[in-house]
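Asker: First the structure, then my questions, so here it is.
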Amino acid sequence: MSRTERLHSLDAVRAMALLLGIVFHGGFSFIPGLLPGIWATVDSQPSIAISTLLFTTHIFRMCLFFFIAGLFAHMMVERKGVAGFWLDRAKRIAGPMIVGWVVLYPAIRAVWIWGIVRLFHGQVPPVPANLPPPPFGAFPLTHLWFLYYLLLCYALVISVRSVFVALDRSSRLPRAMDALVRVLVRSGAAAPVLALPICAALYLQPAWIMWFGIPTPDHSLIPDVRALMIFGIAFTFGWLMQRQQNLLQTWARTWPLHLAAALATTVFCLSVAGTSPKLVPAPHTRQTLEFALGYAVALWCWIFAITGIAVRFLSKESYARRYLADSSYWLYLAHLPVVAFFQVLVSPLHLNPGIKLAMVLTPSLALLLLSYELCVRYTLIGEILNGVRRQRNVSDPGSAVRTPQSECATPLAELVDVRKRYGKVSALAGVDLQVRPGELVALLGPNGAGKSTAISLWLGLIAPDSGNVRLMGGSAYAVANRREVGVMMQEVTLEPTLRLRELVEIAAGYYPNAMSVQQALELTGTTALATRPYGKLSGGQKRQAQFAMAICGRPRLLFLDEPTVGLDVQARELMWAAIRRLVSEGTAIVLTTHYLEEAEALADRVIVLGGGRVIASGSLEEVRSRVARTRVTCSSTVPLEEIRAWPQVLAASRNNRRLEVIAVDAEETVRRLLAADPTLRHLEVHKAGLAEAFTQITQEAA
Amino acid sequence: MNATLLHPVLAPAAAAVPTAKLLRVFIREAKYEFLKAVRSPAASIPFLVLPIPLYLFFGVVLAGSSPEVQKNPLLANYIFAGWCTFAVMMPAIFAIGCGLAMERTAGLMKLKRALPTPAGVYLSAKFCMAMTFAAIAMAELTLAALFAGRITMTLTQLLPFAVVMIVGVLPFCAIGMLIGAYSSGPASPAVANLVFLPMVWLSGFFFPLPASLRMLSMFLPSFHLHQAALGVAGFQQFMLLPLTMTTAVLVAVTIVFGGLAMRRLARVG
């Protein structure tokens, strides 16, 4: 499940790659030194600033797109199977490519001819007569080549995959690949290592125009092997990354490094290739090789940096981003004639090229977005391009502003199929947990059951081996999400010389809507300890102090890891009262505890963990009834062996002649006991408390 | 229990912390970091008190009467610079190195990561603490030197010299961070000493080193800080390396060691 759900951050990255393509084409006519005929027009005001920008974005935008496409493709193959995948791709990629070409090619052609005629003021020089005949397979794919190559990538990767599946039934190879990807990503070696084959493909390109980087294979139906190799590597790496999506979190942490490396290598490439293109084939010199290597490293660093930034900052759902992501495919498909039209229109004007670029892009994007809103989003075209047809109705949960109900239903904290190992010990083995607003969830389980691991994952202290961890609907690593979370951890020794009020003051300072120190102390009953150094507090008082630090930020979600350990009865009652009050005011609480009466006293929902799995989950009553145990005690001489043989009896034991029987069916057990021993006395029947249920469940699981 | 809790859900959504508030958070953290150190005098007194008698005894009484200093009065400045480097390194390496290691072992670093601590606040507060201690120690040493040390620096030499010394704490903060990030609490004093003592003895602070050891000192950041401070004060005759190079080494040490430490801290806390 975890690998197949909507990934807002990656949607945003894909949209960005496509929108950068529109910017690239929008700025193309401003590149200095452009020959007439290469593009629809040559602007009268060429700009080095624009060409530098285009050079930079062009390094990575297509590979970024193919990388994300690989990720999503693997996700879809997992969800729909190979046949379902091809059906979907035929509808959403092949169809739009063919129909799009038929519609767009004449429009592009028309704008091009108009532009060139305008450029030469009506006197277009004649085409040289002795041009060589076009090579076999020549075909003007236009900007839709990316769909053609996408289909080729699908075909290649899926056929390689089916060969692997046929040959390697033990799936040793995928595991090895996963391990390799993991090592590459975690060690930071992914960029330089993956750059090597791309560097080779670039360097070996015949008649390579360095400035334009990866050659655009838009002129032939015969696949350009080197371009296909480069995009195929990006695609395959995305495909493999999706198998271990949690690795993306690595980039969410290291994005500043990748960004710095990307900028540095880009500057190097610019220093070699210049800010405007030299339209001559690159010689096979050492400098060219260095450039190719720098270019390839820059390409990966940009991809990792941008993906990392998106995962880090854009993982929450946003309506505007969602809309842009939905529309980006249409925008990119349709943009070329529109953008070129405005380029031709503004090309003779004597204005600042920056302003002219804005004059090209603003009306183009406005027109395209308008056409999306009016003709695509809610129609058959939108259904084909995006896989869903949006409803104009605002209350549609998928499309528009979220309603308060859906807001409430959004879990505050979530683990989806999370696995985490420490060496050989599996702390969590595929756990799904959700915490909803305003509920108190008790996490129960013996030592080492994975309770603290779950909390550490939610707090972003450790990363899962696989699966998704979400806090406030977003990343657990984002500080912004933790501003709504309070925490009381186990085994923390705070600075002994600081006084209690100082500790609370520091913690409260981190939260935007914190209560006053005084309030926090009153609520936790620690006012009298305010000026006492932490080191001089008793064990229980230390827990109370940490509780005050946990709640001082008015969190929406509170993690309490064994909060009442070491408290005396009075202090525990006080903490329980404070917890109940917080819950009644809407705070959600995750409480781990060994004390079952604590869970019984406080929890709305109980989750029992054991051996890294959820063994039981539900309301107190549900967990109790799931085990529906009764304990029958009496003074009797019936032999234990005989009782144990009865079908409804789970366990029987004798203590000082007092017989204790745990059974599923109380009435039947009592009837048989009385029948077997008429002298039976002191009969007592108990419904099992949570303690019995809990012991029973964890023993069964073990 | 009469405190009124606002309904948390009704409170405004957690917004980004405005800059002014961030500054307050930072100042508060730095203040308590400093208080922490001051309130455990056994740890902080060595930084503030130890360098003075050491300087007066070794740097003024013993070295001052040596024939070299009699011959070349400028050497007094060299010795003074050595003891200043000694004094500013100490809080950075010991207070940050051992402090961080202890707090990591105590789980405090983990709590700081679990709380919405704004990025960098925790560590930069430690830097500030180390620099404050360094500044105080510098001021004391300067007073001692002006009264007894026969240094020849003018105010225009002394000011940039002091600024370099205090800013020069940063590379040692980075080293302290690295010690704190890798060693456990109980082991950290030993590790810090193993780092600190060679830097003190092999940097040629107290007497110009023989040529055979001079190569070795090039690898020690303490040597470079000593050189940089003498360089900005204009003592060309003591400079073994150009000022730009020593500065570059100090910056590189800060970035590399600091980066390694941050990487480790982000992973293990």
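Scheme for the structure tokens: letters A, B, ... for chains in order shown; per-chain residue numbers from 1; ligand numbers from 1 in order shown.
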Based on the backbone DSSP call, show me all residues of segment 33-262 of chain B assigned helix (DSSP H, G or I), as a ChimeraX atom specification.
Answerer: /B:33-39,41-49,51-64,67-71,75-105,108-114,121-149,155-167,169-182,188-201,211-217,221-232,236-238,243-262
Asker: Near chain B, meaning an atom within 6 Å, which residues of chain A appear when counting only C-alpha atoms? Write them as a PDB file with N, CA and C atoms, in the first residue's frame.
Answerer:
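Written out: selection_28.pdb:
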```pdb
ATOM      1  N   LEU A 459       8.712  11.068  15.231  1.00  0.00           N
ATOM      2  CA  LEU A 459       9.406  12.302  15.574  1.00  0.00           C
ATOM      3  C   LEU A 459      10.567  12.573  14.639  1.00  0.00           C
ATOM      4  N   VAL A 479      10.453  20.524  10.523  1.00  0.00           N
ATOM      5  CA  VAL A 479      10.316  21.172  11.822  1.00  0.00           C
ATOM      6  C   VAL A 479       8.914  21.757  11.960  1.00  0.00           C
ATOM      7  N   ARG A 482       6.535  19.465  13.425  1.00  0.00           N
ATOM      8  CA  ARG A 482       6.752  19.172  14.841  1.00  0.00           C
ATOM      9  C   ARG A 482       6.307  20.325  15.734  1.00  0.00           C
ATOM     10  N   ARG A 483       6.054  21.501  15.149  1.00  0.00           N
ATOM     11  CA  ARG A 483       5.565  22.603  15.971  1.00  0.00           C
ATOM     12  C   ARG A 483       4.179  22.325  16.517  1.00  0.00           C
ATOM     13  N   VAL A 492      15.594  10.440  29.192  1.00  0.00           N
ATOM     14  CA  VAL A 492      16.245  11.696  28.863  1.00  0.00           C
ATOM     15  C   VAL A 492      16.690  12.332  30.168  1.00  0.00           C
ATOM     16  N   THR A 493      17.972  12.705  30.233  1.00  0.00           N
ATOM     17  CA  THR A 493      18.442  13.419  31.403  1.00  0.00           C
ATOM     18  C   THR A 493      18.639  14.861  30.987  1.00  0.00           C
ATOM     19  N   GLY A 509       9.609  28.334  23.981  1.00  0.00           N
ATOM     20  CA  GLY A 509      10.093  29.261  22.968  1.00  0.00           C
ATOM     21  C   GLY A 509      10.100  28.686  21.566  1.00  0.00           C
ATOM     22  N   TYR A 510      10.135  27.360  21.452  1.00  0.00           N
ATOM     23  CA  TYR A 510      10.186  26.740  20.130  1.00  0.00           C
ATOM     24  C   TYR A 510       8.820  26.717  19.448  1.00  0.00           C
ATOM     25  N   GLN A 519       1.375  28.914  33.239  1.00  0.00           N
ATOM     26  CA  GLN A 519       0.242  28.031  32.889  1.00  0.00           C
ATOM     27  C   GLN A 519       0.679  26.586  32.822  1.00  0.00           C
ATOM     28  N   GLU A 522       1.236  25.249  36.247  1.00  0.00           N
ATOM     29  CA  GLU A 522      -0.010  25.030  36.979  1.00  0.00           C
ATOM     30  C   GLU A 522      -0.715  23.781  36.497  1.00  0.00           C
ATOM     31  N   LEU A 523      -0.760  23.638  35.187  1.00  0.00           N
ATOM     32  CA  LEU A 523      -1.484  22.507  34.610  1.00  0.00           C
ATOM     33  C   LEU A 523      -0.861  21.175  35.017  1.00  0.00           C
ATOM     34  N   ARG A 554       1.080  23.817  23.503  1.00  0.00           N
ATOM     35  CA  ARG A 554      -0.291  23.562  23.059  1.00  0.00           C
ATOM     36  C   ARG A 554      -0.316  22.671  21.827  1.00  0.00           C
ATOM     37  N   ARG A 556      -1.179  19.777  19.074  1.00  0.00           N
ATOM     38  CA  ARG A 556      -2.375  19.063  18.614  1.00  0.00           C
ATOM     39  C   ARG A 556      -2.193  17.569  18.822  1.00  0.00           C
ATOM     40  N   GLU A 585     -10.069  18.752  25.362  1.00  0.00           N
ATOM     41  CA  GLU A 585      -9.956  20.000  24.606  1.00  0.00           C
ATOM     42  C   GLU A 585      -9.444  19.748  23.195  1.00  0.00           C
TER      43      GLU A 585
END
```
Asker: With only C-alpha atoms as the counted atoms, please give the residues lying no more than 9 Å from Leu673 of chain A, apart from itself and same-chain residues fewer than 6 positions off, as a ChimeraX atom specification.
Answerer: /A:636,638,643,680
Asker: Can you measure atom CA of Gly387 of chain A to atom CA of Tyr154 of chain A for me? One decimal in Å is fine.
Answerer: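 Atom CA of Tyr154 of chain A lies at a distance of 18.0 Å from atom CA of Gly387 of chain A.
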Asker: Taking 4 positions as the minimum chain separation for residues in the same chain, which residues sit within 12 Å of segment 47-56 of chain B when counting only C-alpha atoms? Answer as a PyMOL selection string.
Answerer: chain B and resi 37-38+41-43+60-64+76+79-95+129-150+205-206
Asker: State, in Å with one decimal place, the distance from atom CA of Ser188 of chain B to atom CA of Ile506 of chain A.
Answerer: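 Result for atom CA of Ser188 of chain B versus atom CA of Ile506 of chain A: 26.2 Å, one decimal.
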Asker: Extract, using only C-alpha atoms, all DNA, RNA and protein residues at most 9 Å from Pro189 of chain B, discarding same-chain residues fewer than 3 positions from it, and format them as a ChimeraX atom specification.
Answerer: /B:94,97-98,185-186,192-194
Asker: Mind checking which residues fall within 8 Å of Gly238 of chain A, counting only C-alpha atoms, ignoring those fewer than 5 positions away in the same chain, and posting them as a PyMOL selection string?
Answerer: chain A and resi 66-71
Asker: I want to know what sits within 12 Å of Ala73 of chain A, based on only C-alpha atoms, with residues of the same chain fewer than 6 positions away left out; could you give that as a PyMOL selection string?
Answerer: chain A and resi 3-4+65-67+79-82+84-86+88-89+93+150-151+153-155+157-158+235-243
